[in-house]
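Okay, coords21.cif is below, mmCIF, C-alpha atoms:
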data_my_file
loop_
_atom_site.label_atom_id
_atom_site.label_comp_id
_atom_site.auth_asym_id
_atom_site.auth_seq_id
_atom_site.Cartn_x
_atom_site.Cartn_y
_atom_site.Cartn_z
CA MET C 1 0.00 0.00 0.00
CA THR C 2 1.18 3.54 -0.75
CA PRO C 3 1.68 5.55 2.47
CA ALA C 4 -0.75 8.40 2.91
CA ILE C 5 0.05 11.96 1.91
CA LEU C 6 0.51 14.10 4.97
CA PRO C 7 -1.46 17.36 5.30
CA GLY C 8 0.27 20.39 3.89
CA PRO C 9 0.76 23.77 5.49
CA GLY C 10 -2.47 25.40 6.59
CA HIS C 11 -4.43 22.15 6.85
CA SER C 12 -5.01 19.77 9.72
CA ALA C 13 -5.25 16.04 9.40
CA HIS C 14 -9.06 16.48 9.32
CA GLY C 15 -9.04 19.14 6.61
CA ASP C 16 -9.84 22.11 8.91
CA GLU C 17 -9.06 25.22 6.88
CA ASN C 18 -8.89 27.36 10.04
CA SER C 19 -6.19 25.27 11.68
CA VAL C 20 -2.85 26.77 12.56
CA LYS C 21 -0.27 26.63 9.80
CA ASP C 22 2.67 24.28 10.29
CA ASP C 23 5.72 23.14 8.39
CA THR C 24 4.64 19.54 7.85
CA PRO C 25 6.06 18.26 4.53
CA LEU C 26 3.65 17.47 1.71
CA VAL C 27 5.07 13.97 1.36
CA SER C 28 5.93 11.71 4.26
CA SER C 29 9.43 10.35 4.63
CA ALA C 30 7.91 6.85 4.64
CA ARG C 31 6.45 7.46 1.19
CA PHE C 32 9.56 9.04 -0.31
CA PRO C 33 12.54 7.29 1.33
CA LEU C 34 16.03 7.90 0.01
CA PRO C 35 17.77 4.72 -1.13
CA THR C 36 20.42 3.27 1.17
CA TRP C 37 23.49 1.15 0.42
CA ARG C 38 21.26 -1.90 0.91
CA HIS C 39 19.11 -0.92 -2.07
CA PHE C 40 22.16 -0.50 -4.32
CA ALA C 41 23.95 -3.60 -2.99
CA SER C 42 21.01 -5.98 -3.46
CA ALA C 43 20.48 -4.86 -7.06
CA GLY C 44 24.19 -4.74 -7.92
CA ILE C 45 24.94 -8.20 -6.51
CA ALA C 46 22.03 -9.73 -8.41
CA ALA C 47 23.07 -8.07 -11.68
CA ALA C 48 26.74 -9.05 -11.43
CA THR C 49 25.97 -12.67 -10.54
CA SER C 50 23.35 -13.25 -13.23
CA SER C 51 25.45 -11.58 -15.95
CA ALA C 52 28.43 -13.80 -15.11
CA ILE C 53 26.36 -16.99 -15.18
CA TYR C 54 24.63 -16.25 -18.46
CA ASN C 55 27.40 -14.43 -20.34
CA PRO C 56 27.58 -17.24 -22.96
CA LEU C 57 23.99 -16.58 -23.99
CA ASP C 58 24.63 -12.85 -24.16
CA SER C 59 27.74 -13.40 -26.30
CA LEU C 60 25.82 -15.71 -28.62
CA ARG C 61 23.02 -13.13 -28.98
CA VAL C 62 25.47 -10.36 -29.91
CA ARG C 63 27.38 -12.55 -32.40
CA TRP C 64 24.06 -13.58 -33.97
CA GLN C 65 22.79 -10.00 -34.22
CA VAL C 66 25.89 -8.69 -35.96
CA SER C 67 26.29 -11.71 -38.26
CA GLY C 68 23.95 -10.26 -40.88
CA THR C 69 20.86 -11.66 -42.59
CA SER C 70 22.77 -13.74 -45.16
CA ALA C 71 24.73 -15.64 -42.52
CA ALA C 72 21.64 -16.14 -40.41
CA SER C 73 19.62 -17.48 -43.32
CA GLU C 74 22.17 -20.21 -43.94
CA GLN C 75 21.96 -21.75 -40.47
CA SER C 76 19.87 -21.82 -37.33
CA ILE C 77 20.90 -20.15 -34.10
CA ILE C 78 21.69 -23.60 -32.66
CA SER C 79 24.01 -24.52 -35.52
CA PHE C 80 25.50 -21.02 -35.36
CA GLY C 81 26.33 -21.47 -31.69
CA SER C 82 27.56 -25.02 -32.24
CA ARG C 83 29.98 -23.81 -34.90
CA ILE C 84 31.41 -21.19 -32.53
CA ILE C 85 31.90 -23.82 -29.81
CA GLN C 86 33.57 -26.24 -32.25
CA GLU C 87 35.91 -23.59 -33.66
CA GLU C 88 36.65 -21.52 -30.57
CA GLY C 89 35.48 -23.57 -27.59
CA LEU C 90 32.71 -22.80 -25.12
CA PHE C 91 34.90 -20.87 -22.69
CA ASN C 92 36.97 -18.85 -25.18
CA GLY C 93 34.21 -18.47 -27.75
CA LEU C 94 31.20 -17.58 -25.63
CA TRP C 95 31.86 -17.48 -21.89
CA ARG C 96 35.01 -15.38 -21.56
CA PRO C 97 34.30 -12.59 -24.08
CA GLY C 98 33.60 -9.38 -22.16
CA ILE C 99 32.66 -11.15 -18.93
CA GLY C 100 34.66 -8.80 -16.70
CA VAL C 101 33.36 -5.54 -18.15
CA ASN C 102 29.90 -7.10 -18.44
CA MET C 103 29.82 -7.80 -14.70
CA ILE C 104 31.05 -4.30 -13.86
CA GLY C 105 28.69 -2.58 -16.27
CA MET C 106 25.66 -4.62 -15.28
CA SER C 107 26.32 -4.28 -11.54
CA LEU C 108 26.74 -0.51 -11.89
CA SER C 109 23.66 0.01 -14.07
CA GLY C 110 21.63 -2.53 -12.08
CA ALA C 111 22.49 -0.90 -8.77
CA ILE C 112 21.43 2.52 -10.04
CA ARG C 113 18.27 1.60 -11.92
CA LEU C 114 16.73 -0.59 -9.20
CA GLY C 115 18.45 1.13 -6.31
CA CYS C 116 16.68 4.39 -7.17
CA TYR C 117 13.53 2.84 -8.64
CA GLU C 118 11.35 2.85 -5.52
CA MET C 119 12.27 6.43 -4.69
CA ILE C 120 11.30 7.68 -8.16
CA ARG C 121 8.16 5.53 -8.37
CA ASN C 122 6.93 6.64 -4.94
CA SER C 123 7.53 10.32 -5.73
CA PHE C 124 4.36 10.38 -7.84
CA GLU C 125 1.12 11.30 -6.08
CA GLY C 126 -1.57 8.74 -5.34
CA GLU C 127 -1.69 4.95 -5.27
CA LYS C 128 0.78 3.01 -7.42
CA GLN C 129 -0.30 3.02 -11.06
CA VAL C 130 1.14 1.63 -14.29
CA TRP C 131 2.38 5.00 -15.50
CA HIS C 132 4.23 5.49 -12.21
CA ILE C 133 6.04 2.20 -12.80
CA VAL C 134 6.80 2.87 -16.47
CA SER C 135 7.97 6.44 -15.83
CA ALA C 136 10.27 5.39 -12.99
CA GLY C 137 11.68 2.61 -15.16
CA LEU C 138 12.40 4.99 -18.05
CA ILE C 139 14.06 7.58 -15.81
CA CYS C 140 16.19 5.17 -13.79
CA GLY C 141 17.10 3.02 -16.78
CA SER C 142 18.28 5.87 -19.00
CA PHE C 143 20.44 7.40 -16.27
CA ALA C 144 21.86 4.03 -15.17
CA TYR C 145 22.85 2.91 -18.64
CA PHE C 146 24.24 6.33 -19.54
CA THR C 147 26.51 6.11 -16.50
CA ALA C 148 27.71 2.62 -17.47
CA THR C 149 28.06 3.36 -21.21
CA PRO C 150 31.86 2.75 -21.38
CA PHE C 151 31.44 -0.77 -19.98
CA HIS C 152 28.43 -1.65 -22.15
CA GLN C 153 30.26 -0.32 -25.20
CA MET C 154 33.40 -2.36 -24.59
CA LYS C 155 31.40 -5.46 -23.60
CA THR C 156 29.51 -5.45 -26.89
CA LYS C 157 32.68 -4.95 -28.93
CA LEU C 158 34.43 -7.84 -27.19
CA GLN C 159 31.45 -10.18 -27.54
CA ALA C 160 31.03 -9.36 -31.23
CA CYS C 161 34.63 -10.32 -32.07
CA PRO C 162 35.69 -13.92 -32.76
CA GLU C 163 38.45 -15.50 -30.68
CA GLY C 164 41.90 -14.20 -31.67
CA SER C 165 40.78 -10.64 -32.49
CA ARG C 166 39.83 -9.50 -28.97
CA ARG C 167 41.91 -7.13 -26.88
CA ASN C 168 42.10 -6.14 -23.23
CA ALA C 169 39.04 -4.02 -22.51
CA PHE C 170 40.60 -1.65 -20.01
CA ALA C 171 43.74 -1.22 -22.11
CA GLU C 172 41.53 -0.24 -25.03
CA MET C 173 39.74 2.34 -22.88
CA VAL C 174 43.02 3.86 -21.72
CA LYS C 175 44.37 3.89 -25.27
CA LEU C 176 41.23 5.63 -26.54
CA VAL C 177 41.42 8.37 -23.90
CA SER C 178 45.16 8.82 -24.47
CA ARG C 179 44.74 9.09 -28.23
CA THR C 180 41.93 11.65 -28.11
CA GLY C 181 42.85 13.43 -24.88
CA ARG C 182 39.17 13.44 -23.92
CA ILE C 183 37.54 11.13 -21.40
CA ASP C 184 34.09 11.87 -22.84
CA THR C 185 34.97 9.70 -25.85
CA LEU C 186 34.17 6.74 -23.60
CA TRP C 187 30.55 7.88 -23.71
CA LYS C 188 30.36 7.83 -27.50
CA GLY C 189 27.21 5.96 -28.34
CA SER C 190 25.52 6.85 -25.05
CA VAL C 191 22.29 7.68 -26.93
CA PRO C 192 21.50 4.09 -28.07
CA VAL C 193 22.76 2.72 -24.76
CA SER C 194 20.57 5.08 -22.72
CA MET C 195 17.61 4.45 -25.01
CA ARG C 196 18.06 0.71 -24.64
CA GLY C 197 18.42 1.04 -20.87
CA ALA C 198 15.29 3.16 -20.55
CA LEU C 199 13.14 0.77 -22.59
CA PHE C 200 14.62 -2.34 -20.98
CA SER C 201 14.07 -1.03 -17.45
CA ALA C 202 10.56 0.18 -18.22
CA GLY C 203 9.66 -3.26 -19.57
CA HIS C 204 11.38 -5.00 -16.68
CA VAL C 205 9.60 -3.16 -13.87
CA THR C 206 6.29 -3.11 -15.74
CA GLY C 207 6.33 -6.87 -16.09
CA TYR C 208 7.75 -7.51 -12.63
CA ASP C 209 6.47 -4.87 -10.23
CA GLY C 210 3.26 -4.45 -12.23
CA LEU C 211 2.35 -8.13 -12.19
CA LYS C 212 3.35 -8.50 -8.53
CA THR C 213 1.04 -5.64 -7.62
CA ILE C 214 -1.89 -7.13 -9.55
CA LEU C 215 -1.45 -10.65 -8.16
CA LYS C 216 -0.88 -9.48 -4.58
CA ALA C 217 -4.12 -7.51 -4.79
CA ARG C 218 -5.83 -10.81 -5.70
CA GLY C 219 -4.46 -12.56 -2.65
CA VAL C 220 -1.26 -14.14 -3.96
CA GLU C 221 1.37 -14.22 -1.23
CA ASP C 222 4.60 -12.33 -1.87
CA GLY C 223 7.37 -14.92 -2.00
CA PRO C 224 9.54 -17.06 -4.30
CA TYR C 225 6.55 -18.46 -6.21
CA LEU C 226 5.30 -14.98 -7.09
CA HIS C 227 8.82 -13.81 -7.89
CA ALA C 228 9.26 -16.66 -10.38
CA ILE C 229 6.01 -15.84 -12.19
CA ALA C 230 6.78 -12.13 -12.28
CA SER C 231 10.30 -12.77 -13.61
CA VAL C 232 8.89 -14.43 -16.75
CA SER C 233 6.54 -11.48 -17.25
CA SER C 234 9.44 -9.05 -16.82
CA SER C 235 11.51 -10.99 -19.35
CA PHE C 236 8.74 -10.79 -21.95
CA TRP C 237 8.06 -7.07 -21.61
CA ALA C 238 11.72 -6.11 -21.31
CA SER C 239 12.65 -8.03 -24.46
CA VAL C 240 9.70 -6.71 -26.48
CA MET C 241 10.27 -3.08 -25.53
CA SER C 242 14.07 -3.02 -25.81
CA ALA C 243 14.71 -5.34 -28.78
CA PRO C 244 14.93 -2.55 -31.42
CA ALA C 245 17.32 -0.48 -29.32
CA ASP C 246 19.28 -3.59 -28.37
CA LEU C 247 19.86 -4.56 -32.00
CA THR C 248 20.74 -0.98 -32.95
CA MET C 249 23.24 -0.78 -30.09
CA ALA C 250 24.88 -4.07 -31.08
CA ARG C 251 25.26 -2.97 -34.71
CA PHE C 252 26.45 0.51 -33.68
CA PHE C 253 29.27 -0.73 -31.45
CA SER C 254 30.38 -3.61 -33.68
CA THR C 255 30.86 -1.64 -36.92
CA LYS C 256 33.53 0.89 -37.83
CA GLN C 257 32.37 4.50 -37.82
CA ASN C 258 34.77 5.67 -40.57
CA GLY C 259 35.04 9.19 -39.22
CA LYS C 260 31.29 9.68 -38.79
CA ASN C 261 29.95 11.40 -35.70
CA SER C 262 27.68 9.46 -33.36
CA THR C 263 24.47 10.91 -34.81
CA GLN C 264 25.37 10.00 -38.38
CA ALA C 265 26.58 6.54 -37.42
CA LEU C 266 23.44 5.85 -35.39
CA ARG C 267 21.20 7.04 -38.24
CA ASP C 268 23.05 4.82 -40.72
CA CYS C 269 22.61 1.81 -38.41
CA VAL C 270 18.87 2.40 -38.10
CA LEU C 271 18.41 2.94 -41.85
CA GLY C 272 20.59 -0.07 -42.66
CA ILE C 273 18.49 -2.38 -40.48
CA TYR C 274 15.26 -1.04 -41.97
CA ARG C 275 16.43 -1.29 -45.59
CA GLN C 276 17.75 -4.80 -45.11
CA ASP C 277 14.92 -6.40 -43.14
CA GLY C 278 12.05 -3.90 -42.88
CA ILE C 279 10.37 -2.80 -39.65
CA LEU C 280 10.30 -6.33 -38.25
CA GLY C 281 14.05 -6.45 -38.68
CA PHE C 282 14.39 -4.41 -35.49
CA TRP C 283 13.12 -7.46 -33.60
CA ARG C 284 15.69 -9.72 -35.26
CA GLY C 285 16.83 -12.27 -32.71
CA TRP C 286 13.96 -11.40 -30.34
CA ASN C 287 13.15 -15.07 -29.72
CA LEU C 288 16.73 -15.72 -28.67
CA TYR C 289 16.69 -12.50 -26.66
CA PHE C 290 13.57 -13.61 -24.77
CA LEU C 291 14.83 -17.15 -24.22
CA ARG C 292 18.17 -15.83 -22.99
CA LEU C 293 16.56 -13.20 -20.78
CA THR C 294 14.08 -15.54 -19.07
CA PRO C 295 16.61 -17.57 -17.03
CA VAL C 296 18.58 -14.36 -16.41
CA MET C 297 15.53 -12.63 -14.97
CA PHE C 298 14.58 -15.73 -12.98
CA THR C 299 18.04 -15.82 -11.39
CA TYR C 300 18.26 -12.06 -11.03
CA SER C 301 14.86 -11.75 -9.35
CA ALA C 302 15.59 -14.57 -6.91
CA ILE C 303 18.94 -13.12 -5.86
CA TYR C 304 17.60 -9.56 -5.76
CA GLU C 305 14.56 -10.35 -3.64
CA GLN C 306 16.46 -12.60 -1.24
CA SER C 307 19.25 -10.04 -0.91
CA ARG C 308 16.70 -7.37 -0.07
CA TYR C 309 15.03 -9.67 2.45
CA HIS C 310 18.23 -10.65 4.25
CA LEU C 311 19.50 -7.05 4.25
CA GLY C 312 16.36 -5.99 6.11
CA LEU C 313 14.54 -4.25 3.23
CA GLY C 314 11.86 -6.88 2.70
CA TYR C 315 10.58 -7.87 -0.74
CA LEU C 316 10.00 -5.23 -3.42
CA ASP C 317 6.58 -3.71 -2.71
#

Please re-express this file's structure in C-alpha cells.
Amino acid sequence: MTPAILPGPGHSAHGDENSVKDDTPLVSSARFPLPTWRHFASAGIAAATSSAIYNPLDSLRVRWQVSGTSAASEQSIISFGSRIIQEEGLFNGLWRPGIGVNMIGMSLSGAIRLGCYEMIRNSFEGEKQVWHIVSAGLICGSFAYFTATPFHQMKTKLQACPEGSRRNAFAEMVKLVSRTGRIDTLWKGSVPVSMRGALFSAGHVTGYDGLKTILKARGVEDGPYLHAIASVSSSFWASVMSAPADLTMARFFSTKQNGKNSTQALRDCVLGIYRQDGILGFWRGWNLYFLRLTPVMFTYSAIYEQSRYHLGLGYLD
C-alpha cells in the first residue's frame, strides 16, 4: 500500500481550513525514502551474478545479431552457436568474451536503476499506477545505462569479435582516452545505450512490479513463487520493448564508424536495419533475446529479492 500523503501547510489532518499553519512536509518520509546502500547492494549483486552466469547466452546473442541476414539465413541459431563452440570452444568463444566488463557494467547500471527505482516511483502522487512504474523505469534506466556506457560499449565490442581478435578491454579504454585526450569519448554511443536502458528497465519493472502488484491484490502471497512468475513477465516485456534499441546498439558498437559522428553513425545503423529487413528487422533475434533473458531474470529476481530480504529491506513492494 502507498503511504498516505501528509497534510500540507495550513491544513489539519481532518481538513480544517482554520487550523494553525505548520511546516509539515507534503510527502511523508515513509512514502519518499532515500535509497540506502542496501538498495544498491542488493540490485548490484544480483546483476553481477546473473550476468556472469549467463554471459555465454549474451555473447551468442550479440554474435548472432551482428552476423547479418545472409549468414543467419544459412543456419539456425543452434548450428551457429555449435559452430562457434567447435571452432573456438565454449569458454573462449562464448563465456570469456567481455565477462569482466559485463559484470562491472551490469552491476553498476543494475544498482542505479533498481536502487533508485522505488524512490522515483513513490515520488508520484496517489496509489501506485502503471504510468508510475513505467515512468520510474524509463528515468532510472536511462540514467543508469548512460553512466555505465563505457562498460556496455566495450562489452559489446568484445562479444562481437571472434576468438583471436579480442583485446584487453581496459587497455583499449586507456588507449582511446590517451589518443583523443578526452575522457568523454568513452561515452560515445551513449544515446542508443541510454535508449536501450530506458526501454529495458521500463519493460522489466512493468512486467515484474506491475504483475506482482496485480497478483498481490488478488491474494497471492509475496514470496519465491510470485517472484518466479513475475520474472517471466518481466523478461517478456523487457525483451519486447528493448529489442529494437538492443539490436541498434549491437550494430552501432560492432561496426567501424569511418570518421562519422555518433548521430550520423546511429542514423546509418537504423536505416541499414530497416532497408535490409524492414520494420520487423528491429526485432531480429527477439526469440533468442527472450529465451536468454528468461533464465537471467529468474536468477536475477531470486537473488535480488532474497538479498533485499536478508539485508532488512523486505521484498520489493

C:Leu271, C:Ile77, C:Ile303, C:Ala171: which is nearest C:Tyr289, counting all atoms listed in the file?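 For C:Tyr289, the nearest of the candidates is C:Ile77.
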
For the provided coordinates, the residues matched by the PyMOL selection byres ((chain C and resi 115) around 9) should be stated as a list of chain:residue names. C:Pro35, C:Thr36, C:Trp37, C:Arg38, C:His39, C:Phe40, C:Ala41, C:Ser42, C:Ala43, C:Gly44, C:Gly110, C:Ala111, C:Ile112, C:Arg113, C:Leu114, C:Cys116, C:Tyr117, C:Glu118, C:Met119, C:Cys140

Grab the atom CA of C:Val191 to atom CA of C:Val270 distance for me, in Å with one decimal place.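 Atom-to-atom, atom CA of C:Val191 and atom CA of C:Val270 are spaced 12.8 Å apart.
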
Apply the PyMOL selection byres ((chain C and resi 269) around 10) to the file shown and report the selected residues as a PyMOL selection string. chain C and resi 247-253+255+263-268+270-275

Using the chain letters and numbers from the file, which residues does the PyMOL selection byres ((chain C and resi 139) around 10) grab, as a list in words?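 Checked against the file, the PyMOL selection byres ((chain C and resi 139) around 10) matches Arg113, Cys116, Tyr117, Ile120, Arg121, Val134, Ser135, Ala136, Gly137, Leu138, Cys140, Gly141, Ser142, Phe143, Ala144, Ser194, Gly197, Ala198, Leu199, Ser201 and Ala202 of chain C.
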